[in-house]
Amino acid sequence: MKTLLPTSTAGSLPKPSWLAEPEKLWSPWKLHNEELIEGKKDALSLSLYDQLRAGIDIVSDGEQTRQHFVTTFIEHLSGVDFEKRETVRIRNRYEASVPTVVGEVARQQPVFVEDARFLRQLTKQPIKWALPGPMTMIDTLYDAHYKSREKLAWEFAKILNQEAKELEAAGVDIIQFDEPAFNVFFDEVNDWGVAALERAIEGLKCETAVHICYGYGIKANTDWKKTLGSEWRQYEEAFPKLQTSNIDIISLECHNSRVPMDLLELIRGKKVMVGAIDVATSAIETPEEVASTLRKALQFVDADKLYPSTNCGMTPLPRRVANGKLNALSAGAEIIRRELSGK
Ligand SMILES: [Zn+2]
């Protein structure tokens, strides 16, 4: 990226109300069959338009074609039975009814590659594409086959690598893996979580990112955050291993969070997507608030490695609010660009 402080979002953006019920996770589609296929493409185009209009530098599909950042990917794999459901605790935080792994998992066909080709045709801006990370995938399933989280994560890493290679060939510039589970299962992150992630990016020539956050702005997550005390030091656990990993970019939740900014020193040398937009509130940040978070991050991240972003996906927010936040992100980054160039 030649632009200083290139802006991007962590991933999802709200869907239009004609496509899915707004402000809801796992929101059911309102269209069906051919109409749904066409509607998803239209929503993807609109989402791109919103990002471009706000001046976002690294654009995405806004995750318009998926119902959920993990489930939709898994739905495309064989070996998982979506009829056979079990209740598990997601990231040790809330209960959800999830599908069951009943046999060997495999990717029979590409999942998002067509969507990526479509987005590539629409814009010359750099594209970032989000995929779920292996550890977060296994946490959203009941495993009745491998009976080992590590083994299943390794299988998913191989599958993700197949998808990532085809996304790269379709013209994606940055492939991002969402690993909120890295903020919860510290021993596993260090034992095999980062290794599985590196397996997922094996052989890629495009840039790679890992997004680690404290979750969407839903009640289960905001309640959990209240229990974390005055300093959130979770990142401290995974950072040393990530610093020496092959991952290029680390995407983090920073704005309005209680993460001590000096933890970023532990990943010095990596590019950092600094979350400067809070996704757990409908209050739209002022450009100066965004700039203030970026300024704090600049103490620990070199300017040419700082990528202003959102804390997490914005799918549960009203579209008007999400668009306002995109504008604030751009304007906040511009304030800092001017400061850095001394104008
Ligand atoms: Zn997130």
# chains A, B, ... in the order shown; residues from 1 in each chain; ligands from 1
call {"tool": "residues_near_ligand", "arguments": {"ligand": "ligand 1", "cutoff": "10 Å", "atoms": "only C-alpha atoms and all ligand atoms", "output": "ChimeraX atom specification"}}
result
/A:10-12,69,178-181,211-217,251-253,275,279,310-314
call {"tool": "residues_around", "arguments": {"residues": "segment 205-209 of chain A", "least_positions_apart": "6", "cutoff": "10 Å", "atoms": "only C-alpha atoms", "output": "mmCIF file with C-alpha atoms, in the first residue's frame"}}
result
data_model
loop_
_atom_site.group_PDB
_atom_site.id
_atom_site.type_symbol
_atom_site.label_atom_id
_atom_site.label_comp_id
_atom_site.auth_asym_id
_atom_site.auth_seq_id
_atom_site.Cartn_x
_atom_site.Cartn_y
_atom_site.Cartn_z
ATOM 1 C CA LYS A 128 -9.129 -7.794 1.794
ATOM 2 C CA TRP A 129 -11.061 -11.042 2.177
ATOM 3 C CA ALA A 130 -11.980 -12.507 5.576
ATOM 4 C CA ALA A 164 -7.093 -18.907 0.281
ATOM 5 C CA LYS A 165 -4.995 -19.940 -2.724
ATOM 6 C CA LEU A 167 -8.962 -16.273 -3.494
ATOM 7 C CA GLU A 168 -5.439 -15.084 -4.163
ATOM 8 C CA ALA A 169 -5.708 -16.253 -7.777
ATOM 9 C CA GLY A 171 -7.149 -11.138 -7.235
ATOM 10 C CA VAL A 172 -7.536 -10.746 -3.468
ATOM 11 C CA ASP A 173 -4.669 -8.679 -2.014
ATOM 12 C CA ILE A 174 -4.978 -9.502 1.685
ATOM 13 C CA ILE A 175 -6.471 -12.666 3.160
ATOM 14 C CA GLN A 176 -7.554 -12.293 6.756
ATOM 15 C CA PHE A 177 -8.357 -15.057 9.216
ATOM 16 C CA ASP A 178 -10.760 -14.223 12.027
ATOM 17 C CA LEU A 197 -2.871 -20.513 11.156
ATOM 18 C CA GLU A 198 0.527 -20.739 9.497
ATOM 19 C CA ASN A 246 4.707 -15.630 9.132
ATOM 20 C CA ILE A 247 1.496 -13.591 9.430
ATOM 21 C CA ASP A 248 1.968 -10.096 7.960
ATOM 22 C CA ILE A 249 -0.793 -8.087 9.629
ATOM 23 C CA ILE A 250 -2.484 -8.290 13.036
ATOM 24 C CA SER A 251 -5.952 -6.737 13.390
ATOM 25 C CA LYS A 271 1.718 -4.344 10.387
ATOM 26 C CA VAL A 272 -1.143 -3.589 12.748
ATOM 27 C CA MET A 273 -4.763 -2.944 11.873
#
call {"tool": "residues_around", "arguments": {"residues": "segment 227-229 of chain A", "least_positions_apart": "5", "cutoff": "10 Å", "atoms": "only C-alpha atoms", "output": "JSON, numbers by chain"}}
result
{"A": [222, 234, 258]}
call {"tool": "select_by_dssp", "arguments": {"residues": "segment 71-244 of chain A", "states": "strand (DSSP E or B)", "output": "number ranges by chain"}}
result
A: 77-90, 94-107, 127-132, 142-143, 174-178, 207-212
call {"tool": "closest_residue", "arguments": {"among": "A:Asn323, A:Gly193, A:His32, A:Leu122", "to": "Arg149 of chain A", "atoms": "only C-alpha atoms"}}
result
A:Gly193
call {"tool": "closest_residue", "arguments": {"among": "A:Ile159, A:Val105, A:Val184, A:Leu48", "to": "Trp232 of chain A", "atoms": "only C-alpha atoms"}}
result
A:Val184
call {"tool": "select_by_dssp", "arguments": {"residues": "segment 6-255 of chain A", "states": "helix (DSSP H, G or I)", "output": "ChimeraX atom specification"}}
result
/A:33-53,71-75,113-122,134-138,149-169,180-183,186-200,219-226,235-243
call {"tool": "write_last_selection", "arguments": {"atoms": "C-alpha atoms", "output": "CSV table (one decimal), in the first residue's frame"}}
result
chain,number,residue,atom,x,y,z
A,33,ASN,CA,-33.1,-19.2,-5.1
A,34,GLU,CA,-32.2,-17.0,-8.1
A,35,GLU,CA,-33.5,-13.9,-6.4
A,36,LEU,CA,-31.2,-14.6,-3.4
A,37,ILE,CA,-28.1,-15.1,-5.7
A,38,GLU,CA,-28.9,-11.8,-7.5
A,39,GLY,CA,-29.7,-10.0,-4.2
A,40,LYS,CA,-26.4,-11.0,-2.6
A,41,LYS,CA,-24.5,-9.6,-5.6
A,42,ASP,CA,-26.4,-6.4,-5.5
A,43,ALA,CA,-25.8,-6.0,-1.7
A,44,LEU,CA,-22.1,-6.7,-2.3
A,45,SER,CA,-22.0,-3.9,-4.9
A,46,LEU,CA,-23.8,-1.5,-2.5
A,47,SER,CA,-21.5,-2.3,0.3
A,48,LEU,CA,-18.5,-1.6,-1.9
A,49,TYR,CA,-20.1,1.7,-2.9
A,50,ASP,CA,-20.6,2.7,0.7
A,51,GLN,CA,-16.9,1.9,1.4
A,52,LEU,CA,-15.6,3.8,-1.6
A,53,ARG,CA,-17.9,6.8,-0.9
A,71,THR,CA,-21.1,-20.9,9.8
A,72,THR,CA,-21.4,-20.0,6.2
A,73,PHE,CA,-17.9,-21.3,5.4
A,74,ILE,CA,-18.6,-24.6,7.3
A,75,GLU,CA,-21.9,-25.1,5.5
A,113,VAL,CA,-14.1,-17.5,-4.9
A,114,GLU,CA,-16.9,-16.4,-7.3
A,115,ASP,CA,-17.8,-13.5,-4.9
A,116,ALA,CA,-14.2,-12.5,-4.8
A,117,ARG,CA,-14.0,-12.5,-8.7
A,118,PHE,CA,-17.1,-10.4,-8.8
A,119,LEU,CA,-15.7,-7.8,-6.3
A,120,ARG,CA,-12.4,-7.8,-8.2
A,121,GLN,CA,-14.3,-6.7,-11.4
A,122,LEU,CA,-15.9,-3.8,-9.6
A,134,PRO,CA,-9.1,-22.8,12.2
A,135,MET,CA,-9.4,-22.4,16.0
A,136,THR,CA,-12.6,-20.3,15.8
A,137,MET,CA,-14.1,-22.8,13.4
A,138,ILE,CA,-13.7,-25.7,15.8
A,149,ARG,CA,-9.6,-30.0,18.7
A,150,GLU,CA,-6.0,-29.9,17.4
A,151,LYS,CA,-6.6,-32.6,14.7
A,152,LEU,CA,-9.8,-30.9,13.5
A,153,ALA,CA,-8.1,-27.5,13.4
A,154,TRP,CA,-5.3,-28.9,11.3
A,155,GLU,CA,-7.9,-30.4,8.8
A,156,PHE,CA,-9.6,-27.0,8.7
A,157,ALA,CA,-6.3,-25.2,8.1
A,158,LYS,CA,-5.7,-27.4,5.0
A,159,ILE,CA,-9.1,-26.6,3.7
A,160,LEU,CA,-8.7,-22.9,4.4
A,161,ASN,CA,-5.4,-23.0,2.5
A,162,GLN,CA,-7.1,-24.4,-0.6
A,163,GLU,CA,-9.7,-21.6,-0.4
A,164,ALA,CA,-7.1,-18.9,0.3
A,165,LYS,CA,-5.0,-19.9,-2.7
A,166,GLU,CA,-8.0,-19.6,-5.0
A,167,LEU,CA,-9.0,-16.3,-3.5
A,168,GLU,CA,-5.4,-15.1,-4.2
A,169,ALA,CA,-5.7,-16.3,-7.8
A,180,PRO,CA,-11.4,-14.2,18.2
A,181,ALA,CA,-10.8,-17.6,19.9
A,182,PHE,CA,-7.1,-16.5,20.2
A,183,ASN,CA,-8.3,-14.2,23.0
A,186,PHE,CA,-4.3,-19.2,25.4
A,187,ASP,CA,-2.6,-22.6,25.9
A,188,GLU,CA,-4.0,-23.9,22.7
A,189,VAL,CA,-3.0,-20.8,20.8
A,190,ASN,CA,0.6,-21.4,21.8
A,191,ASP,CA,0.5,-25.2,21.5
A,192,TRP,CA,-1.1,-25.4,18.0
A,193,GLY,CA,-3.3,-22.3,17.2
A,194,VAL,CA,-0.7,-20.2,15.6
A,195,ALA,CA,0.9,-23.2,13.9
A,196,ALA,CA,-2.5,-24.1,12.4
A,197,LEU,CA,-2.9,-20.5,11.2
A,198,GLU,CA,0.5,-20.7,9.5
A,199,ARG,CA,-0.6,-24.0,7.8
A,200,ALA,CA,-3.6,-22.0,6.5
A,219,LYS,CA,-25.0,-8.7,24.7
A,220,ALA,CA,-23.1,-11.9,25.4
A,221,ASN,CA,-19.8,-10.2,24.5
A,222,THR,CA,-20.4,-6.9,26.2
A,223,ASP,CA,-21.4,-8.8,29.4
A,224,TRP,CA,-18.2,-10.8,29.1
A,225,LYS,CA,-16.1,-7.7,28.7
A,226,LYS,CA,-17.6,-6.4,32.0
A,235,TYR,CA,-3.4,-10.1,23.7
A,236,GLU,CA,-0.2,-10.5,25.8
A,237,GLU,CA,-0.7,-14.3,25.6
A,238,ALA,CA,-0.6,-14.7,21.8
A,239,PHE,CA,1.5,-11.7,20.8
A,240,PRO,CA,5.0,-13.2,21.3
A,241,LYS,CA,4.2,-16.2,19.1
A,242,LEU,CA,2.5,-14.0,16.5
A,243,GLN,CA,5.4,-11.7,16.4
call {"tool": "closest_residue", "arguments": {"among": "A:Leu263, A:Leu5, A:Ile277, A:Cys254", "to": "Asn327 of chain A", "atoms": "only C-alpha atoms"}}
result
A:Ile277
call {"tool": "atom_distance", "arguments": {"atom1": "atom CA of Arg91 of chain A", "atom2": "atom CA of His68 of chain A"}}
result
15.7 Å
call {"tool": "residues_around", "arguments": {"residues": "Trp29 of chain A", "least_positions_apart": "3", "cutoff": "9 Å", "atoms": "only C-alpha atoms", "output": "list in words"}}
result
Trp18, Leu19, Ala20, Glu21, His32, Leu36 and Gln67 of chain A
call {"tool": "residues_around", "arguments": {"residues": "Thr100 of chain A", "least_positions_apart": "5", "cutoff": "6 Å", "atoms": "only C-alpha atoms", "output": "VMD selection string"}}
result
chain A and resid 80 to 81 84 to 85 141 to 143
call {"tool": "write_last_selection", "arguments": {"atoms": "C-alpha atoms", "output": "PDB file, in the first residue's frame"}}
result
ATOM      1  CA  VAL A  80     -20.475 -31.677   8.857  1.00  0.00           C
ATOM      2  CA  ASP A  81     -24.139 -32.501   9.541  1.00  0.00           C
ATOM      3  CA  LYS A  84     -27.550 -33.006  13.817  1.00  0.00           C
ATOM      4  CA  ARG A  85     -27.162 -30.191  16.289  1.00  0.00           C
ATOM      5  CA  LEU A 141     -18.959 -27.001  16.089  1.00  0.00           C
ATOM      6  CA  TYR A 142     -19.576 -30.220  17.953  1.00  0.00           C
ATOM      7  CA  ASP A 143     -16.919 -32.779  16.979  1.00  0.00           C
TER       8      ASP A 143
END
call {"tool": "residues_around", "arguments": {"residues": "segment 315-318 of chain A", "least_positions_apart": "5", "cutoff": "6 Å", "atoms": "only C-alpha atoms", "output": "ChimeraX atom specification"}}
result
/A:12-14,23-24
call {"tool": "write_last_selection", "arguments": {"atoms": "N, CA and C atoms", "output": "PDB file, in the first residue's frame"}}
result
ATOM      1  N   SER A  12     -17.324  -7.583   8.375  1.00  0.00           N
ATOM      2  CA  SER A  12     -18.724  -7.485   7.959  1.00  0.00           C
ATOM      3  C   SER A  12     -19.275  -6.065   8.066  1.00  0.00           C
ATOM      4  N   LEU A  13     -20.208  -5.771   7.162  1.00  0.00           N
ATOM      5  CA  LEU A  13     -20.970  -4.523   7.199  1.00  0.00           C
ATOM      6  C   LEU A  13     -22.453  -4.905   7.184  1.00  0.00           C
ATOM      7  N   PRO A  14     -23.336  -3.979   7.634  1.00  0.00           N
ATOM      8  CA  PRO A  14     -24.759  -4.321   7.674  1.00  0.00           C
ATOM      9  C   PRO A  14     -25.287  -4.671   6.284  1.00  0.00           C
ATOM     10  N   GLU A  23     -29.701  -5.695  11.854  1.00  0.00           N
ATOM     11  CA  GLU A  23     -29.269  -5.631  13.254  1.00  0.00           C
ATOM     12  C   GLU A  23     -29.382  -6.971  13.974  1.00  0.00           C
ATOM     13  N   LYS A  24     -29.046  -8.036  13.262  1.00  0.00           N
ATOM     14  CA  LYS A  24     -29.204  -9.363  13.837  1.00  0.00           C
ATOM     15  C   LYS A  24     -28.113 -10.295  13.302  1.00  0.00           C
TER      16      LYS A  24
END
call {"tool": "closest_atom_pairs", "arguments": {"of": "segment 152-261 of chain A", "to": "segment 282-299 of chain A", "cutoff": "9 Å", "atoms": "only C-alpha atoms", "output": "Markdown table"}}
result
| residue | atom | partner | partner_atom | distance |
| --- | --- | --- | --- | --- |
| A:Cys254 | CA | A:Thr293 | CA | 7.4 |
| A:His255 | CA | A:Thr293 | CA | 6.2 |
| A:Asn256 | CA | A:Thr293 | CA | 8.7 |
| A:Met261 | CA | A:Ala297 | CA | 6.4 |
call {"tool": "write_last_selection", "arguments": {"atoms": "C-alpha atoms", "output": "CSV table (one decimal), in the first residue's frame"}}
result
chain,number,residue,atom,x,y,z
A,254,CYS,CA,-8.3,-0.8,20.5
A,255,HIS,CA,-10.9,2.0,20.5
A,256,ASN,CA,-12.9,2.2,23.8
A,261,MET,CA,-1.8,0.2,24.2
call {"tool": "atom_distance", "arguments": {"atom1": "atom CA of Val301 of chain A", "atom2": "atom CA of Glu202 of chain A"}}
result
26.0 Å
